[in-house]
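Participant: What follows is my_file39.cif, made up of mmCIF, C-alpha atoms:
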```
data_query
#
loop_
_atom_site.label_atom_id
_atom_site.label_comp_id
_atom_site.auth_asym_id
_atom_site.auth_seq_id
_atom_site.Cartn_x
_atom_site.Cartn_y
_atom_site.Cartn_z
CA MET L 1 77.41 120.18 35.20
CA SER L 2 76.70 123.68 33.92
CA ARG L 3 78.31 126.65 35.62
CA SER L 4 76.34 129.55 37.00
CA PRO L 5 76.35 132.53 34.64
CA ARG L 6 78.56 135.51 35.39
CA GLN L 7 76.58 138.22 37.15
CA ILE L 8 75.92 141.45 35.28
CA HIS L 9 76.73 144.73 37.02
CA LEU L 10 74.88 147.91 36.05
CA ALA L 11 75.45 151.55 36.94
CA ALA L 12 73.07 154.40 36.12
CA HIS L 13 74.63 157.60 34.79
CA PHE L 14 72.91 160.91 35.51
CA PRO L 15 74.50 163.04 32.79
CA GLY L 16 75.61 166.62 33.22
CA VAL L 17 78.09 167.80 30.59
CA ASN L 18 77.69 165.91 27.31
CA SER L 19 75.68 165.57 24.13
CA THR L 20 73.79 162.42 25.17
CA THR L 21 70.85 164.00 26.96
CA VAL L 22 68.18 165.68 24.85
CA TRP L 23 67.53 168.95 26.67
CA THR L 24 64.92 170.14 24.17
CA ASP L 25 62.58 167.16 24.37
CA ALA L 26 59.19 167.95 25.91
CA ALA L 27 59.66 164.99 28.27
CA SER L 28 62.99 166.28 29.56
CA GLY L 29 62.94 167.31 33.21
CA SER L 30 65.10 169.47 35.44
CA GLN L 31 68.86 169.06 35.80
CA ILE L 32 68.78 171.11 39.00
CA ASP L 33 65.77 170.21 41.13
CA PHE L 34 66.45 167.54 43.72
CA ALA L 35 63.22 165.81 42.70
CA ALA L 36 64.90 164.84 39.40
CA PHE L 37 67.87 163.27 41.18
CA GLU L 38 65.56 161.48 43.60
CA TYR L 39 63.36 160.08 40.83
CA PHE L 40 66.40 158.88 38.90
CA ALA L 41 67.97 157.19 41.95
CA ARG L 42 64.71 155.51 42.93
CA THR L 43 64.33 154.16 39.37
CA ALA L 44 67.88 152.78 39.52
CA GLU L 45 67.02 151.12 42.82
CA ARG L 46 63.81 149.70 41.33
CA GLY L 47 66.01 148.19 38.62
CA PHE L 48 68.47 146.77 41.19
CA PHE L 49 71.40 148.75 39.79
CA ASP L 50 74.73 148.68 41.63
CA TYR L 51 75.06 152.44 41.77
CA VAL L 52 74.02 155.88 40.54
CA PHE L 53 76.84 157.84 38.95
CA LEU L 54 76.96 161.66 38.86
CA ALA L 55 79.23 163.58 36.50
CA GLU L 56 80.56 166.98 37.49
CA GLY L 57 82.34 169.77 35.65
CA LEU L 58 84.51 172.31 37.47
CA ARG L 59 83.71 175.20 35.15
CA LEU L 60 81.01 176.12 32.68
CA ARG L 61 82.40 175.68 29.19
CA GLU L 62 82.25 178.61 26.80
CA HIS L 63 82.07 178.94 23.05
CA LYS L 64 82.34 182.26 21.21
CA GLY L 65 82.09 184.08 24.51
CA ARG L 66 78.87 182.38 25.57
CA VAL L 67 78.16 179.44 27.88
CA HIS L 68 78.17 176.22 25.87
CA GLU L 69 74.58 175.09 25.38
CA LEU L 70 75.33 171.54 26.53
CA ASP L 71 76.42 172.70 29.99
CA VAL L 72 73.99 172.83 32.91
CA LEU L 73 73.54 176.22 34.54
CA GLY L 74 72.93 175.86 38.27
CA ARG L 75 73.93 172.20 38.64
CA PRO L 76 74.25 171.49 42.39
CA ASN L 77 77.41 170.17 44.04
CA THR L 78 77.88 166.42 43.58
CA LEU L 79 78.66 165.52 47.19
CA ALA L 80 75.66 167.46 48.48
CA VAL L 81 73.35 165.70 46.03
CA LEU L 82 74.72 162.26 46.94
CA ALA L 83 74.37 162.97 50.65
CA ALA L 84 70.74 163.93 50.10
CA LEU L 85 70.14 160.82 47.99
CA SER L 86 71.48 158.65 50.79
CA ALA L 87 68.45 159.68 52.85
CA VAL L 88 65.84 158.75 50.21
CA THR L 89 67.33 155.45 48.99
CA ASP L 90 68.12 152.24 50.83
CA HIS L 91 70.37 150.09 48.68
CA VAL L 92 71.76 151.67 45.49
CA GLY L 93 75.37 152.89 45.57
CA LEU L 94 76.23 156.59 45.26
CA VAL L 95 79.24 157.53 43.12
CA GLY L 96 80.44 161.05 42.32
CA THR L 97 83.05 162.48 39.95
CA LEU L 98 85.64 164.50 41.89
CA SER L 99 88.95 165.82 40.59
CA THR L 100 92.38 164.83 41.90
CA THR L 101 93.88 167.90 40.22
CA PHE L 102 91.95 170.63 42.01
CA ASN L 103 91.12 169.02 45.37
CA GLU L 104 93.24 168.12 48.40
CA PRO L 105 93.48 164.54 49.72
CA TYR L 106 92.65 165.08 53.39
CA GLU L 107 89.57 167.19 52.72
CA LEU L 108 88.17 165.02 49.93
CA ALA L 109 88.90 161.75 51.76
CA ARG L 110 87.06 163.15 54.79
CA GLN L 111 84.03 164.17 52.71
CA LEU L 112 83.84 160.77 51.00
CA ALA L 113 84.27 158.87 54.26
CA THR L 114 81.45 160.94 55.75
CA LEU L 115 79.19 160.06 52.80
CA ASP L 116 80.13 156.41 53.27
CA HIS L 117 78.94 156.56 56.88
CA LEU L 118 75.77 158.49 56.10
CA SER L 119 74.80 155.97 53.41
CA GLY L 120 75.70 152.80 55.32
CA GLY L 121 78.66 151.96 53.10
CA ARG L 122 77.32 152.94 49.66
CA ALA L 123 79.81 155.65 48.61
CA GLY L 124 82.12 155.64 45.61
CA TRP L 125 84.55 158.12 44.11
CA ASN L 126 85.10 158.56 40.37
CA ALA L 127 88.66 159.87 40.55
CA VAL L 128 89.42 162.05 37.52
CA THR L 129 92.21 164.38 36.45
CA SER L 130 91.47 167.87 35.10
CA SER L 131 93.41 168.88 32.06
CA ASP L 132 93.57 172.57 31.34
CA ALA L 133 94.10 176.13 32.51
CA PHE L 134 90.51 176.97 31.58
CA HIS L 135 89.33 174.86 34.53
CA GLY L 136 92.32 175.87 36.61
CA ALA L 137 91.36 179.53 36.41
CA ASN L 138 88.57 178.81 38.89
CA PHE L 139 91.14 177.81 41.53
CA ARG L 140 93.73 179.66 43.55
CA ARG L 141 96.74 178.05 41.94
CA GLY L 142 95.26 178.20 38.43
CA GLY L 143 97.23 176.86 35.48
CA PHE L 144 97.30 173.23 34.48
CA LEU L 145 99.41 170.10 34.76
CA ALA L 146 100.97 168.16 31.90
CA HIS L 147 99.34 164.78 31.20
CA ALA L 148 102.01 162.70 32.98
CA ASP L 149 102.09 165.09 35.96
CA ARG L 150 98.30 164.87 36.33
CA TYR L 151 98.54 161.12 36.75
CA GLU L 152 101.49 161.33 39.12
CA ARG L 153 99.37 163.61 41.30
CA ALA L 154 96.36 161.30 40.93
CA LYS L 155 98.36 158.22 41.97
CA GLU L 156 99.77 159.93 45.06
CA PHE L 157 96.33 161.40 45.83
CA ALA L 158 94.69 157.96 45.73
CA ALA L 159 97.47 156.29 47.74
CA LEU L 160 97.32 158.97 50.44
CA SER L 161 93.51 158.79 50.58
CA LYS L 162 93.72 155.04 51.17
CA LYS L 163 96.19 155.59 54.01
CA LEU L 164 93.83 158.07 55.62
CA TRP L 165 90.81 155.78 55.28
CA ASP L 166 92.82 152.83 56.61
CA SER L 167 94.26 154.70 59.59
CA TRP L 168 91.50 153.39 61.86
CA ASP L 169 91.65 149.78 63.06
CA GLU L 170 88.42 148.10 64.13
CA ASP L 171 89.79 147.34 67.61
CA GLU L 172 91.35 150.75 68.32
CA ALA L 173 89.66 153.87 69.59
CA LEU L 174 92.04 156.31 67.92
CA PRO L 175 93.48 156.57 64.41
CA ARG L 176 97.11 156.07 63.54
CA ARG L 177 99.01 159.19 62.63
CA ILE L 178 99.66 159.50 58.91
CA ARG L 179 102.89 161.21 57.96
CA HIS L 180 103.25 161.51 54.21
CA ALA L 181 105.96 163.42 52.38
CA GLY L 182 105.79 162.97 48.62
CA ALA L 183 106.39 164.89 45.42
CA GLN L 184 102.80 166.18 45.40
CA PHE L 185 101.66 166.26 49.04
CA ASP L 186 103.19 166.78 52.48
CA VAL L 187 100.69 165.75 55.16
CA ASP L 188 100.87 165.07 58.90
CA ALA L 189 97.36 164.05 59.88
CA LEU L 190 95.08 162.32 62.34
CA PHE L 191 92.09 161.36 60.23
CA ASP L 192 88.91 162.12 62.14
CA VAL L 193 86.37 159.88 60.39
CA PRO L 194 86.38 156.22 61.55
CA ARG L 195 86.50 153.29 59.14
CA SER L 196 83.26 152.94 57.19
CA PRO L 197 80.96 149.92 56.89
CA GLN L 198 82.60 148.83 53.62
CA GLY L 199 86.15 149.61 54.76
CA ARG L 200 86.57 152.58 52.46
CA PRO L 201 84.74 154.11 49.48
CA VAL L 202 84.95 152.29 46.14
CA ILE L 203 87.30 153.99 43.67
CA VAL L 204 86.03 154.39 40.09
CA GLN L 205 88.20 155.67 37.23
CA ALA L 206 87.75 156.59 33.57
CA GLY L 207 91.19 157.11 32.02
CA ASP L 208 91.98 155.34 28.74
CA SER L 209 95.57 156.43 28.04
CA ALA L 210 98.51 154.23 29.05
CA ASP L 211 98.88 156.33 32.22
CA GLY L 212 95.17 156.06 32.87
CA ARG L 213 95.19 152.28 32.47
CA ASP L 214 98.16 151.97 34.82
CA PHE L 215 96.38 154.14 37.39
CA GLY L 216 93.27 151.99 37.04
CA ALA L 217 95.20 148.75 37.49
CA GLU L 218 96.88 150.08 40.64
CA HIS L 219 94.02 151.91 42.34
CA ALA L 220 90.61 151.55 40.64
CA GLU L 221 87.95 149.03 41.57
CA VAL L 222 85.63 150.02 38.71
CA ILE L 223 86.60 151.46 35.32
CA PHE L 224 84.07 153.54 33.39
CA SER L 225 85.34 152.97 29.86
CA LEU L 226 84.27 154.28 26.46
CA HIS L 227 84.83 151.00 24.60
CA GLN L 228 81.34 149.96 23.50
CA ASP L 229 82.03 147.86 20.38
CA PHE L 230 82.37 144.21 21.40
CA ALA L 231 85.82 143.65 19.88
CA ALA L 232 87.25 146.91 21.25
CA ALA L 233 85.69 146.27 24.66
CA ARG L 234 87.26 142.84 24.85
CA VAL L 235 90.71 144.15 23.91
CA PHE L 236 90.44 146.84 26.60
CA TYR L 237 89.17 144.32 29.15
CA ASP L 238 92.05 141.94 28.51
CA ASP L 239 94.63 144.74 28.55
CA VAL L 240 93.57 146.30 31.85
CA LYS L 241 92.82 143.04 33.64
CA GLY L 242 96.20 141.79 32.47
CA ARG L 243 97.89 144.65 34.34
CA LEU L 244 96.40 143.67 37.71
CA ALA L 245 98.84 140.91 38.59
CA ALA L 246 101.72 143.40 38.75
CA TRP L 247 99.88 145.01 41.68
CA GLY L 248 99.05 141.75 43.41
CA ARG L 249 95.41 141.86 42.30
CA ASP L 250 93.13 139.30 40.65
CA GLU L 251 90.48 139.70 37.95
CA ASP L 252 87.56 140.02 40.36
CA SER L 253 89.10 142.99 42.17
CA LEU L 254 88.27 145.30 39.24
CA LYS L 255 85.01 145.68 37.33
CA ILE L 256 84.89 147.25 33.86
CA LEU L 257 81.59 148.98 33.04
CA PRO L 258 81.63 150.84 29.69
CA ALA L 259 79.15 153.60 28.99
CA ALA L 260 76.17 152.30 27.02
CA THR L 261 73.25 154.08 25.41
CA PHE L 262 70.14 152.21 24.29
CA VAL L 263 67.02 152.65 22.18
CA LEU L 264 64.11 150.25 22.61
CA GLY L 265 61.36 149.36 20.15
CA ASP L 266 58.70 146.69 19.81
CA THR L 267 60.48 145.68 16.59
CA ASP L 268 64.02 146.19 15.36
CA ALA L 269 62.76 148.52 12.63
CA GLU L 270 60.90 150.68 15.15
CA ALA L 271 63.98 150.86 17.36
CA ARG L 272 66.19 151.90 14.43
CA GLU L 273 63.77 154.69 13.49
CA ARG L 274 63.60 155.91 17.09
CA SER L 275 67.40 155.84 17.23
CA ARG L 276 67.57 158.05 14.13
CA GLU L 277 65.07 160.52 15.59
CA ILE L 278 66.84 160.70 18.96
CA ALA L 279 70.24 161.23 17.30
CA LEU L 280 68.84 164.18 15.34
CA GLN L 281 67.59 165.65 18.63
CA GLN L 282 70.96 165.06 20.29
CA VAL L 283 72.90 166.81 17.54
CA ARG L 284 71.01 169.84 16.31
CA PRO L 285 72.46 171.79 13.34
CA GLU L 286 74.10 174.49 15.47
CA GLN L 287 75.63 171.84 17.78
CA ALA L 288 77.19 170.10 14.78
CA LEU L 289 78.88 173.33 13.72
CA THR L 290 80.03 174.02 17.28
CA TYR L 291 81.68 170.59 17.38
CA LEU L 292 83.65 171.33 14.21
CA GLU L 293 84.49 174.88 15.28
CA GLN L 294 86.25 173.46 18.32
CA VAL L 295 88.39 171.31 16.01
CA TRP L 296 89.04 173.94 13.34
CA GLY L 297 89.48 176.77 15.84
CA ARG L 298 87.56 179.22 13.67
CA ASP L 299 84.04 180.48 12.95
CA LEU L 300 82.22 178.05 10.65
CA SER L 301 78.73 179.54 10.99
CA GLY L 302 78.59 180.20 7.25
CA TYR L 303 78.69 176.50 6.43
CA ASP L 304 75.63 174.32 5.90
CA PRO L 305 75.39 171.64 8.65
CA ASP L 306 73.80 169.34 6.09
CA GLY L 307 76.60 169.97 3.59
CA PRO L 308 80.20 168.72 3.28
CA LEU L 309 83.03 169.42 5.73
CA PRO L 310 84.67 172.87 5.58
CA ASP L 311 87.33 173.33 2.91
CA VAL L 312 89.34 175.86 4.96
CA GLU L 313 92.50 175.40 6.98
CA PRO L 314 92.26 175.30 10.79
CA ASP L 315 93.40 178.19 12.97
CA THR L 316 95.89 176.78 15.49
CA GLY L 317 97.25 180.09 16.73
CA ALA L 318 100.44 182.03 16.02
CA GLU L 319 103.50 180.14 14.84
CA THR L 320 105.56 181.74 17.56
CA ALA L 321 103.46 180.15 20.29
CA ARG L 322 105.20 177.45 22.28
CA GLY L 323 104.34 173.99 20.99
CA TRP L 324 102.63 175.36 17.88
CA ALA L 325 104.17 172.77 15.52
CA ASN L 326 102.97 169.81 17.57
CA ARG L 327 99.53 171.32 18.07
CA HIS L 328 99.19 172.19 14.38
CA ALA L 329 100.19 168.65 13.35
CA ALA L 330 97.73 167.10 15.80
CA VAL L 331 94.86 169.25 14.53
CA GLN L 332 95.72 168.50 10.91
CA ALA L 333 95.78 164.79 11.68
CA ARG L 334 92.41 165.02 13.40
CA ILE L 335 90.87 166.88 10.46
CA ALA L 336 92.33 164.35 8.01
CA SER L 337 90.68 161.50 9.93
CA LEU L 338 87.34 163.34 9.92
CA ARG L 339 87.57 163.92 6.17
CA GLU L 340 88.42 160.26 5.59
CA LEU L 341 85.41 159.07 7.61
CA SER L 342 83.10 161.60 5.98
CA GLN L 343 84.15 160.64 2.47
CA ALA L 344 84.10 156.88 3.15
CA GLU L 345 80.52 156.96 4.44
CA GLY L 346 79.21 159.96 2.48
CA LEU L 347 78.44 161.96 5.64
CA SER L 348 77.44 165.59 5.94
CA ILE L 349 78.73 167.73 8.82
CA ARG L 350 75.75 166.88 11.00
CA GLU L 351 75.76 163.20 10.04
CA LEU L 352 79.46 163.01 10.86
CA VAL L 353 78.97 164.53 14.32
CA ILE L 354 76.05 162.17 14.94
CA ARG L 355 78.28 159.29 13.90
CA LEU L 356 80.97 160.42 16.37
CA THR L 357 78.86 161.49 19.36
CA ALA L 358 75.37 160.00 19.11
CA LYS L 359 75.81 156.45 17.87
CA HIS L 360 73.70 154.34 20.22
CA THR L 361 75.29 151.23 21.71
CA PHE L 362 72.25 148.95 21.78
CA VAL L 363 69.28 149.40 19.43
CA GLY L 364 66.48 146.86 19.18
CA THR L 365 63.81 144.98 21.07
CA PRO L 366 64.17 144.42 24.82
CA GLU L 367 64.97 140.77 24.09
CA HIS L 368 67.79 141.74 21.72
CA ILE L 369 69.31 144.25 24.13
CA ALA L 370 69.15 141.85 27.08
CA SER L 371 70.80 139.17 24.95
CA GLU L 372 73.61 141.51 23.87
CA ILE L 373 74.31 142.76 27.40
CA ASP L 374 74.49 139.18 28.61
CA ARG L 375 76.77 138.18 25.72
CA TYR L 376 79.27 140.93 26.53
CA VAL L 377 79.47 139.80 30.15
CA GLN L 378 79.48 136.03 29.64
CA GLU L 379 82.21 136.31 26.97
CA ARG L 380 84.31 138.62 29.16
CA ALA L 381 84.22 141.76 27.07
CA THR L 382 82.86 143.65 30.09
CA ASP L 383 81.59 143.06 33.61
CA GLY L 384 78.45 145.06 32.82
CA PHE L 385 77.57 148.57 31.69
CA THR L 386 77.08 152.14 32.83
CA VAL L 387 73.66 152.86 31.34
CA VAL L 388 73.15 156.37 29.93
CA GLY L 389 69.60 157.36 29.00
CA HIS L 390 68.74 160.20 26.62
CA LEU L 391 66.17 161.84 28.93
CA THR L 392 66.53 163.16 32.47
CA PRO L 393 65.23 161.97 34.86
CA HIS L 394 63.14 159.37 32.96
CA GLY L 395 65.95 157.85 30.90
CA LEU L 396 66.06 154.61 32.92
CA ASP L 397 62.31 153.97 33.01
CA ASP L 398 61.97 151.67 29.99
CA PHE L 399 65.24 149.89 30.72
CA ALA L 400 64.22 149.08 34.30
CA THR L 401 60.73 147.97 33.21
CA ARG L 402 61.47 146.07 30.00
CA VAL L 403 65.12 144.95 29.97
CA VAL L 404 65.92 144.18 33.62
CA PRO L 405 63.26 141.41 33.94
CA LEU L 406 64.74 139.66 30.90
CA LEU L 407 68.22 139.76 32.42
CA GLN L 408 66.78 138.30 35.61
CA GLU L 409 65.13 135.47 33.64
CA ARG L 410 68.56 134.59 32.27
CA GLY L 411 69.86 134.13 35.81
CA SER L 412 72.64 136.66 35.30
CA TYR L 413 71.16 139.61 37.19
CA ARG L 414 69.99 140.01 40.77
CA ARG L 415 66.31 139.84 41.70
CA SER L 416 66.72 141.65 45.02
CA TYR L 417 69.23 143.47 47.19
CA ASP L 418 70.69 141.71 50.21
CA GLU L 419 69.78 143.61 53.35
CA GLY L 420 72.70 145.70 54.58
CA ALA L 421 74.80 145.15 51.46
CA THR L 422 77.45 147.79 50.82
CA LEU L 423 78.44 149.06 47.37
CA ARG L 424 81.48 146.82 47.58
CA ASP L 425 79.17 143.86 48.23
CA LEU L 426 76.90 144.75 45.30
CA LEU L 427 79.87 144.88 42.95
CA GLY L 428 81.28 141.60 44.24
CA LEU L 429 84.54 143.27 45.22
CA PRO L 430 86.86 141.80 47.85
CA ALA L 431 87.49 143.57 51.12
CA PRO L 432 90.13 146.24 50.47
CA ALA L 433 93.71 145.39 51.39
CA ARG L 434 94.90 147.70 54.14
CA ALA L 435 97.40 150.36 53.17
CA LEU L 436 100.83 150.22 54.81
CA LEU L 437 100.63 152.24 57.98
CA PRO L 438 102.78 153.10 61.01
CA ASP L 439 102.82 150.50 63.76
CA THR L 440 101.27 152.49 66.61
CA ALA L 441 98.01 154.34 67.10
CA ALA L 442 98.02 157.97 68.11
CA ARG L 443 97.45 158.79 71.78
#
```
Give the structure from the file, written as structure tokens.
Facilitator:
Amino acid sequence: MSRSPRQIHLAAHFPGVNSTTVWTDAASGSQIDFAAFEYFARTAERGFFDYVFLAEGLRLREHKGRVHELDVLGRPNTLAVLAALSAVTDHVGLVGTLSTTFNEPYELARQLATLDHLSGGRAGWNAVTSSDAFHGANFRRGGFLAHADRYERAKEFAALSKKLWDSWDEDEALPRRIRHAGAQFDVDALFDVPRSPQGRPVIVQAGDSADGRDFGAEHAEVIFSLHQDFAAARVFYDDVKGRLAAWGRDEDSLKILPAATFVLGDTDAEARERSREIALQQVRPEQALTYLEQVWGRDLSGYDPDGPLPDVEPDTGAETARGWANRHAAVQARIASLRELSQAEGLSIRELVIRLTAKHTFVGTPEHIASEIDRYVQERATDGFTVVGHLTPHGLDDFATRVVPLLQERGSYRRSYDEGATLRDLLGLPAPARALLPDTAAR
């Protein structure tokens, strides 16, 4: 007797700060107007996606004293956009990127719990750490945290948020008091938002370091990974899923959805040509030089983007600066790896940057792409994908129209939403285990 196929899970990524989206294409729409977000979310719902995923940066990046051209000027606040989307969608989940480094647990947990109520249990939180003083300068305390310290804060942040969300019992009219005294936070709180329809918001995470994987195994319910190659995706899948048992969790309690770009064509040859054209749009000549300038730490505007890599040494700052030797060695190692790749494949500066930042995950006919997505899931390299289109807000249109029906024909993708399903239901996640709480409710 044949077994039912594993079900594919899909998220739809509305990009904000990256080189995937082609801003200059005539078909590209607004990154600011709510109509763009609404159109995108409705398309995801038409395609029966699990959730819409919004990225968010905490500061506009700069390069040579000017705002980086890949950043979005005027991008609205993530939580406000998701709250508005909850009113114009009925089923699709709503996930936002929000930092554990520059937020506070009580306030953020309250905002997310509110979104969960407004949306009928469709909220999710992509919990990220923020790495540098450049972002920190926008906040009162400024500065930055070392890598390990960022994850210590993130772990305590997530654990405390769970306590707050779990402080309401279904049969009690008042929350339990949460007293938390840890290395990062000291909180004495009565959480004022009751338990949501799905118990608590779904936690998504994107870290790939050892600390990030440990955090994901302990707290995440979805991991947004960057491992797109089948072999690498399967290694990552096995590694992270293998860490779950130490936290009393099983394989189904965590979904792994790598980012995936796609280019469709009526034939494979047509798709390959479209992929080449899109990549050239994604990495224009000046963007290729900007990419290298951020590695070399110096002005490279005199170099030809269609020529070989620069033959100059990087500028890693004064030798008297703290940590200079380690930083200099890391930059030299990075440059050596770029030179090796460039020489091995005969790549110019622009071709190299395209190879590193604009290589499309799936290129081919709709039938080929549907087959590949299904193969990744059935052979346990992933649980699905976070689909990233190259146009906003129309990047999902062809995928929803031409690929989704083929996945449905295979029996591995839903044909409808169950009425009243929460995001946790859509993802096939178990009910969340309750955090350890005090024995008595507050009076």
Participant: What do you get, as a PyMOL selection string, if you spell out every residue that the PyMOL selection byres ((chain L and resi 52) around 10) selects here?
Facilitator: chain L and resi 10-14+37+40-45+49-51+53-54+82+85+92-96+123-124+386-387
Participant: Nearest residue to L:Val363 out of L:Gly265, L:Gly389, L:Pro314, L:Gly207, using only C-alpha atoms?
Facilitator: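 So, comparing all the options, the nearest one is L:Gly265.
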Participant: Which is closer to L:Thr290 than all the others in L:Pro305, L:Pro105, L:Gln184, L:Trp168, using all atoms listed in the file?
Facilitator: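 Of all the options, L:Pro305 lies closest to L:Thr290.
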Participant: Since I can't run it myself right now, could you work out what the PyMOL selection byres ((chain L and resi 406-417) around 9) selects here and report it as a PyMOL selection string?
Facilitator: chain L and resi 4-9+47-49+91-92+366-367+370-371+373-374+378+402-405+418-421+426
Participant: Pull the neighbourhood of (98.6, 171.9, 43.9) for me: all residues within 8 Å in file coordinates, counting all atoms listed in the file, as a ChimeraX atom specification.
Facilitator: /L:101-102,104,141,184
Participant: Which of these, L:Ala400, L:Ala206, L:Leu391, L:Leu145, has the shortest distance to L:Ala27 once you count all atoms listed in the file?
Facilitator: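 Nearest candidate to L:Ala27 out of L:Ala400, L:Ala206, L:Leu391, L:Leu145: L:Leu391.
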Participant: Just give me the gap between atom CA of L:Arg66 and atom CA of L:Leu98 in Å, one decimal is fine.
Facilitator: 25.1 Å
